[in-house]
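Chemist: Contents of structure_0.cif (mmCIF, C-alpha atoms) are given next:
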data_start
loop_
_atom_site.label_atom_id
_atom_site.label_comp_id
_atom_site.auth_asym_id
_atom_site.auth_seq_id
_atom_site.Cartn_x
_atom_site.Cartn_y
_atom_site.Cartn_z
CA MET A 916 -26.57 -32.20 -4.87
CA SER A 917 -26.71 -29.47 -7.44
CA THR A 918 -29.23 -29.31 -10.21
CA ASP A 919 -26.56 -29.03 -12.89
CA ASN A 920 -25.05 -32.49 -12.46
CA THR A 921 -25.76 -35.61 -14.43
CA HIS A 922 -29.11 -36.45 -12.86
CA ALA A 923 -30.75 -37.56 -16.05
CA ALA A 924 -28.08 -40.04 -17.06
CA GLY A 925 -29.25 -43.53 -17.79
CA THR A 926 -27.89 -44.84 -14.48
CA ALA A 927 -29.95 -42.39 -12.43
CA HIS A 928 -32.92 -43.84 -10.58
CA VAL A 929 -36.06 -41.81 -11.31
CA ALA A 930 -39.45 -42.92 -10.02
CA HIS A 931 -42.27 -42.93 -12.56
CA HIS A 932 -44.19 -40.09 -10.89
CA PHE A 933 -41.33 -37.58 -11.37
CA LYS A 934 -40.55 -35.96 -14.69
CA ASP A 935 -36.79 -36.06 -14.08
CA ALA A 936 -34.15 -36.68 -11.42
CA THR A 937 -33.88 -33.00 -10.53
CA GLN A 938 -37.56 -32.82 -9.60
CA GLN A 939 -37.24 -36.09 -7.69
CA TYR A 940 -34.27 -34.76 -5.73
CA GLU A 941 -35.90 -31.44 -4.87
CA SER A 942 -39.15 -33.14 -3.84
CA GLY A 943 -37.26 -35.59 -1.66
CA LYS A 944 -35.34 -32.81 0.07
CA GLN A 945 -38.50 -30.81 0.70
CA GLY A 946 -40.21 -33.90 2.08
CA ILE A 947 -37.47 -34.78 4.55
CA TRP A 948 -37.19 -31.17 5.74
CA LEU A 949 -40.96 -30.98 6.21
CA PHE A 950 -40.81 -34.13 8.32
CA MET A 951 -37.87 -32.79 10.33
CA MET A 952 -39.78 -29.59 11.03
CA THR A 953 -42.42 -31.67 12.82
CA GLU A 954 -39.64 -33.26 14.87
CA LEU A 955 -38.22 -29.86 15.78
CA LEU A 956 -41.68 -28.63 16.78
CA MET A 957 -42.14 -31.64 19.05
CA PHE A 958 -38.80 -31.18 20.82
CA GLY A 959 -39.29 -27.41 20.78
CA ALA A 960 -42.49 -27.75 22.82
CA ILE A 961 -40.60 -29.76 25.44
CA PHE A 962 -37.80 -27.18 25.49
CA VAL A 963 -40.33 -24.40 26.08
CA ALA A 964 -41.92 -26.34 28.96
CA PHE A 965 -38.46 -26.98 30.41
CA ALA A 966 -37.63 -23.27 30.25
CA ILE A 967 -40.90 -22.29 31.93
CA TYR A 968 -40.53 -24.71 34.84
CA HIS A 969 -36.83 -23.99 35.21
CA ARG A 970 -37.71 -20.34 35.67
CA LEU A 971 -40.37 -21.24 38.24
CA TYR A 972 -38.22 -23.72 40.17
CA PRO A 973 -34.54 -22.84 39.55
CA GLU A 974 -33.31 -24.46 42.78
CA MET A 975 -34.95 -27.78 41.92
CA PHE A 976 -33.38 -27.87 38.47
CA ALA A 977 -29.99 -26.86 39.84
CA GLU A 978 -30.13 -29.70 42.37
CA GLY A 979 -31.24 -32.15 39.70
CA SER A 980 -28.36 -31.32 37.40
CA LYS A 981 -25.90 -32.04 40.22
CA THR A 982 -26.92 -35.70 40.18
CA LEU A 983 -25.83 -36.08 36.53
CA ASP A 984 -22.31 -36.89 35.38
CA TRP A 985 -21.43 -34.09 32.97
CA LYS A 986 -18.35 -36.01 31.81
CA MET A 987 -20.52 -38.80 30.44
CA GLY A 988 -22.80 -36.25 28.82
CA PHE A 989 -19.85 -34.44 27.28
CA THR A 990 -18.40 -37.71 25.99
CA ASN A 991 -21.71 -38.48 24.32
CA THR A 992 -21.69 -35.01 22.78
CA LEU A 993 -18.28 -35.63 21.22
CA VAL A 994 -19.43 -39.05 19.99
CA LEU A 995 -22.45 -37.59 18.19
CA ILE A 996 -20.47 -34.71 16.70
CA PHE A 997 -18.01 -37.23 15.27
CA SER A 998 -20.90 -39.36 13.99
CA SER A 999 -22.26 -36.35 12.10
CA PHE A 1000 -18.88 -36.03 10.40
CA THR A 1001 -18.78 -39.70 9.38
CA MET A 1002 -22.36 -39.50 8.11
CA ALA A 1003 -21.53 -36.46 6.01
CA ILE A 1004 -18.41 -37.99 4.45
CA SER A 1005 -20.30 -41.19 3.63
CA ILE A 1006 -22.52 -39.15 1.31
CA ALA A 1007 -19.46 -37.48 -0.22
CA PHE A 1008 -17.87 -40.88 -0.86
CA ILE A 1009 -21.03 -42.18 -2.57
CA GLN A 1010 -21.11 -39.09 -4.77
CA LYS A 1011 -17.54 -39.96 -5.81
CA ASN A 1012 -18.43 -43.65 -6.39
CA GLU A 1013 -16.17 -44.68 -3.51
CA GLN A 1014 -18.61 -47.18 -2.07
CA LYS A 1015 -16.15 -49.06 0.15
CA LYS A 1016 -15.19 -45.87 1.95
CA ALA A 1017 -18.85 -44.92 2.22
CA ILE A 1018 -19.71 -48.29 3.77
CA PHE A 1019 -16.92 -47.87 6.32
CA ALA A 1020 -18.11 -44.35 7.18
CA LEU A 1021 -21.71 -45.54 7.59
CA ALA A 1022 -20.61 -48.44 9.78
CA THR A 1023 -18.60 -46.02 11.91
CA THR A 1024 -21.68 -43.82 12.29
CA ILE A 1025 -23.69 -46.81 13.50
CA LEU A 1026 -20.90 -47.68 15.94
CA CYS A 1027 -20.96 -44.11 17.31
CA GLY A 1028 -24.70 -44.41 17.84
CA ALA A 1029 -24.15 -47.67 19.71
CA VAL A 1030 -21.48 -46.06 21.92
CA PHE A 1031 -23.89 -43.23 22.69
CA MET A 1032 -26.62 -45.66 23.74
CA VAL A 1033 -24.23 -47.74 25.88
CA ILE A 1034 -23.15 -44.62 27.78
CA LYS A 1035 -26.79 -43.63 28.17
CA TYR A 1036 -27.54 -47.13 29.48
CA PHE A 1037 -24.97 -46.77 32.25
CA GLU A 1038 -26.36 -43.32 33.09
CA TYR A 1039 -29.86 -44.74 33.38
CA MET A 1040 -28.69 -47.69 35.49
CA HIS A 1041 -27.00 -45.29 37.91
CA LYS A 1042 -30.22 -43.28 38.24
CA PHE A 1043 -32.23 -46.46 38.81
CA HIS A 1044 -29.75 -47.51 41.49
CA LEU A 1045 -30.47 -44.22 43.26
CA GLY A 1046 -34.18 -44.90 43.02
CA LEU A 1047 -34.78 -42.20 40.41
CA PHE A 1048 -37.36 -44.08 38.34
CA PRO A 1049 -39.78 -42.49 35.88
CA GLY A 1050 -42.93 -41.80 37.89
CA ASN A 1051 -41.27 -42.76 41.20
CA PHE A 1052 -38.38 -40.40 41.40
CA ILE A 1053 -37.28 -39.88 44.97
CA ASP A 1054 -35.50 -42.17 47.44
CA VAL A 1055 -34.11 -39.81 50.06
CA ALA A 1056 -32.19 -42.58 51.81
CA LYS A 1057 -30.08 -43.13 48.69
CA ILE A 1058 -29.65 -39.66 47.27
CA GLY A 1059 -29.69 -37.58 50.47
CA ALA A 1060 -32.23 -35.08 51.71
CA GLU A 1061 -30.47 -32.22 49.93
CA HIS A 1062 -31.46 -33.74 46.57
CA ALA A 1063 -34.98 -34.80 47.54
CA ASN A 1064 -36.95 -32.11 45.71
CA ILE A 1065 -35.92 -32.98 42.15
CA GLY A 1066 -38.85 -35.06 40.92
CA MET A 1067 -39.97 -32.58 38.28
CA TYR A 1068 -36.44 -32.22 36.95
CA PHE A 1069 -36.16 -35.96 36.37
CA GLY A 1070 -39.56 -35.99 34.73
CA PHE A 1071 -38.04 -33.75 32.08
CA TYR A 1072 -34.77 -35.71 32.08
CA TYR A 1073 -36.39 -39.03 31.26
CA ALA A 1074 -38.85 -37.53 28.77
CA MET A 1075 -36.19 -35.59 26.86
CA THR A 1076 -33.34 -38.12 26.88
CA GLY A 1077 -35.71 -41.06 26.37
CA LEU A 1078 -37.36 -39.48 23.34
CA HIS A 1079 -33.97 -38.53 21.95
CA GLY A 1080 -32.65 -42.05 22.56
CA ILE A 1081 -35.54 -43.51 20.56
CA HIS A 1082 -34.57 -41.21 17.69
CA VAL A 1083 -30.97 -42.40 17.93
CA LEU A 1084 -32.10 -46.02 17.66
CA VAL A 1085 -34.36 -45.20 14.69
CA GLY A 1086 -31.46 -43.35 13.06
CA MET A 1087 -29.17 -46.34 13.55
CA GLY A 1088 -31.76 -48.54 11.89
CA LEU A 1089 -32.10 -46.18 8.94
CA ILE A 1090 -28.33 -45.93 8.52
CA THR A 1091 -28.10 -49.73 8.56
CA TRP A 1092 -30.75 -49.79 5.83
CA VAL A 1093 -28.88 -47.39 3.54
CA MET A 1094 -25.58 -49.15 4.29
CA ILE A 1095 -27.03 -52.48 3.12
CA ARG A 1096 -28.31 -50.81 -0.03
CA THR A 1097 -24.89 -49.25 -0.57
CA ILE A 1098 -23.29 -52.68 -0.27
CA ARG A 1099 -25.71 -53.86 -2.95
CA GLY A 1100 -24.55 -51.03 -5.21
CA GLU A 1101 -27.88 -49.19 -5.27
CA PHE A 1102 -26.33 -45.80 -4.48
CA HIS A 1103 -23.74 -44.06 -6.64
CA SER A 1104 -22.83 -40.71 -8.17
CA GLN A 1105 -26.15 -40.55 -10.00
CA TYR A 1106 -28.43 -41.52 -7.10
CA TRP A 1107 -27.97 -40.99 -3.38
CA ILE A 1108 -31.22 -39.28 -2.25
CA PRO A 1109 -32.13 -41.79 0.51
CA VAL A 1110 -28.65 -41.56 2.04
CA GLU A 1111 -28.84 -37.78 2.13
CA GLY A 1112 -32.32 -37.92 3.66
CA VAL A 1113 -31.14 -40.26 6.42
CA GLY A 1114 -28.13 -37.97 6.90
CA ILE A 1115 -30.40 -34.96 7.47
CA PHE A 1116 -32.37 -36.95 10.06
CA TRP A 1117 -29.15 -37.96 11.84
CA HIS A 1118 -27.77 -34.41 11.86
CA ILE A 1119 -30.99 -33.08 13.41
CA VAL A 1120 -30.87 -35.78 16.09
CA ASP A 1121 -27.28 -34.78 16.86
CA LEU A 1122 -28.23 -31.12 16.94
CA ILE A 1123 -31.02 -31.77 19.43
CA TRP A 1124 -28.53 -33.45 21.77
CA ILE A 1125 -26.24 -30.41 21.56
CA PHE A 1126 -29.13 -28.44 23.09
CA LEU A 1127 -30.06 -31.18 25.58
CA PHE A 1128 -26.56 -31.49 27.02
CA PRO A 1129 -26.23 -27.96 28.45
CA LEU A 1130 -29.90 -27.80 29.44
CA LEU A 1131 -29.80 -30.99 31.49
CA TYR A 1132 -26.20 -31.34 32.61
CA LEU A 1133 -25.03 -27.75 33.00
CA VAL A 1134 -28.24 -25.96 33.98
CA GLY A 1135 -27.13 -25.59 37.61
#
I'd like the structure from this file rewritten - as structure tokens, please.

Modeler:
Amino acid sequence: MSTDNTHAAGTAHVAHHFKDATQQYESGKQGIWLFMMTELLMFGAIFVAFAIYHRLYPEMFAEGSKTLDWKMGFTNTLVLIFSSFTMAISIAFIQKNEQKKAIFALATTILCGAVFMVIKYFEYMHKFHLGLFPGNFIDVAKIGAEHANIGMYFGFYYAMTGLHGIHVLVGMGLITWVMIRTIRGEFHSQYWIPVEGVGIFWHIVDLIWIFLFPLLYLVG
């Protein structure tokens, strides 16, 4: 959203504590990026810990990654990449006052998030079947002695994918919220800040998964 468009038109929504729509837009963007920086710092700390322990115990992490289905992880990667595309075009459609197309794109993004979580559900159920529970990781009889020493790896696996999955669910809820408001006609070419803010959140969540996939599934 450039600062030279028709922000200040009568149809633009400007809160009382901003002097104009341009200031409101810039403040909103700075706010969402500040919030996302805290999210990146949180995941970054986990990535650093993962790197440290992977360096200390490379064999353990290599064995742990062998128990994961990289095809399912790769499918989820493609799903989230596509969802980032649909989220981005939904904003473009709103900016062009093509609300019906925007609603369809937002609904598709939510559907992609649901597909991601369903695939993750089946991954988790497979791990539980093997006895790889959070806090009670190892059942040698089910997974074989050669995979017995992978408890620390799965500590990271559940922490990282679980935290990311919570963010996916939150993102789906936020997208549903802006989709409902789009259906009501609250967003248009003069006002789309909340949609863009939710889009930034969703793109960061997708980006984090792009790092998680090779770290967890391909580390061996």

Chemist: Go through A:Val1113, A:Met1032, A:Met951, A:Ile1119 and flag the residue nearest A:Val994, using only C-alpha atoms for the distances.

Modeler: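 Of all the options, A:Met1032 lies closest to A:Val994.
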
Chemist: Give the answer as one residue: which of A:Trp948, A:Trp1124, A:Phe958, A:Phe976 has the shortest atom-to-atom distance to A:Met1067, using all atoms listed in the file?

Modeler: A:Phe976

Chemist: Given the file above and the PyMOL selection byres ((chain A and resi 982) around 9), which residues are selected, and can you give them as a list in words?

Modeler: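 Output from the PyMOL selection byres ((chain A and resi 982) around 9), applied to this file: Glu978, Gly979, Ser980, Lys981, Leu983, Asp984, Lys1042, Ile1058, His1062 and Tyr1132 of chain A.
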
Chemist: Fewer than 4 positions away in the same chain doesn't count, so skip those; otherwise give me all residues within 12 Å of A:Phe1126, counting all atoms listed in the file, as a list in words.

Modeler: Leu955, Phe958, Gly959, Ile961, Phe962, Phe965, Gly988, Phe989, Thr992, Met1075, Thr1076, His1079, Ile1119, Val1120, Asp1121, Leu1122, Leu1130, Leu1131, Tyr1132, Leu1133 and Val1134 of chain A

Chemist: Which residues fall under the PyMOL selection byres ((chain A and resi 1086) around 9) in this file, as a PyMOL selection string?

Modeler: chain A and resi 1025+1028+1081-1085+1087-1091+1113-1114+1116-1117+1120

Chemist: Can you sort out stretch 1026-1041 of chain A so it carries N, CA and C atoms, written as a compact mmCIF listing (two decimals), in the coordinates of the input?

Modeler:
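Generated output (out01.txt):
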# COMPACT_ATOMS: atom_id res chain seq x y z
N LEU A 1026 -21.68 -47.37 14.74
CA LEU A 1026 -20.90 -47.68 15.94
C LEU A 1026 -20.96 -46.51 16.93
N CYS A 1027 -20.86 -45.29 16.44
CA CYS A 1027 -20.96 -44.11 17.31
C CYS A 1027 -22.32 -44.07 18.00
N GLY A 1028 -23.38 -44.37 17.24
CA GLY A 1028 -24.70 -44.41 17.84
C GLY A 1028 -24.78 -45.46 18.94
N ALA A 1029 -24.14 -46.61 18.71
CA ALA A 1029 -24.15 -47.67 19.71
C ALA A 1029 -23.38 -47.23 20.96
N VAL A 1030 -22.25 -46.56 20.77
CA VAL A 1030 -21.48 -46.06 21.92
C VAL A 1030 -22.32 -45.07 22.72
N PHE A 1031 -23.03 -44.19 22.02
CA PHE A 1031 -23.89 -43.23 22.69
C PHE A 1031 -24.93 -43.94 23.55
N MET A 1032 -25.57 -44.96 23.01
CA MET A 1032 -26.62 -45.66 23.74
C MET A 1032 -26.06 -46.46 24.92
N VAL A 1033 -24.85 -47.01 24.78
CA VAL A 1033 -24.23 -47.74 25.88
C VAL A 1033 -23.95 -46.79 27.05
N ILE A 1034 -23.41 -45.62 26.73
CA ILE A 1034 -23.15 -44.62 27.78
C ILE A 1034 -24.46 -44.20 28.44
N LYS A 1035 -25.48 -44.00 27.62
CA LYS A 1035 -26.79 -43.63 28.17
C LYS A 1035 -27.36 -44.76 29.05
N TYR A 1036 -27.10 -45.99 28.67
CA TYR A 1036 -27.54 -47.13 29.48
C TYR A 1036 -26.92 -47.07 30.87
N PHE A 1037 -25.62 -46.83 30.95
CA PHE A 1037 -24.97 -46.77 32.25
C PHE A 1037 -25.47 -45.57 33.06
N GLU A 1038 -25.78 -44.47 32.39
CA GLU A 1038 -26.36 -43.32 33.09
C GLU A 1038 -27.71 -43.69 33.69
N TYR A 1039 -28.53 -44.35 32.90
CA TYR A 1039 -29.86 -44.74 33.38
C TYR A 1039 -29.74 -45.72 34.55
N MET A 1040 -28.84 -46.70 34.43
CA MET A 1040 -28.69 -47.69 35.49
C MET A 1040 -28.26 -47.03 36.80
N HIS A 1041 -27.42 -46.01 36.70
CA HIS A 1041 -27.00 -45.29 37.91
C HIS A 1041 -28.19 -44.59 38.54
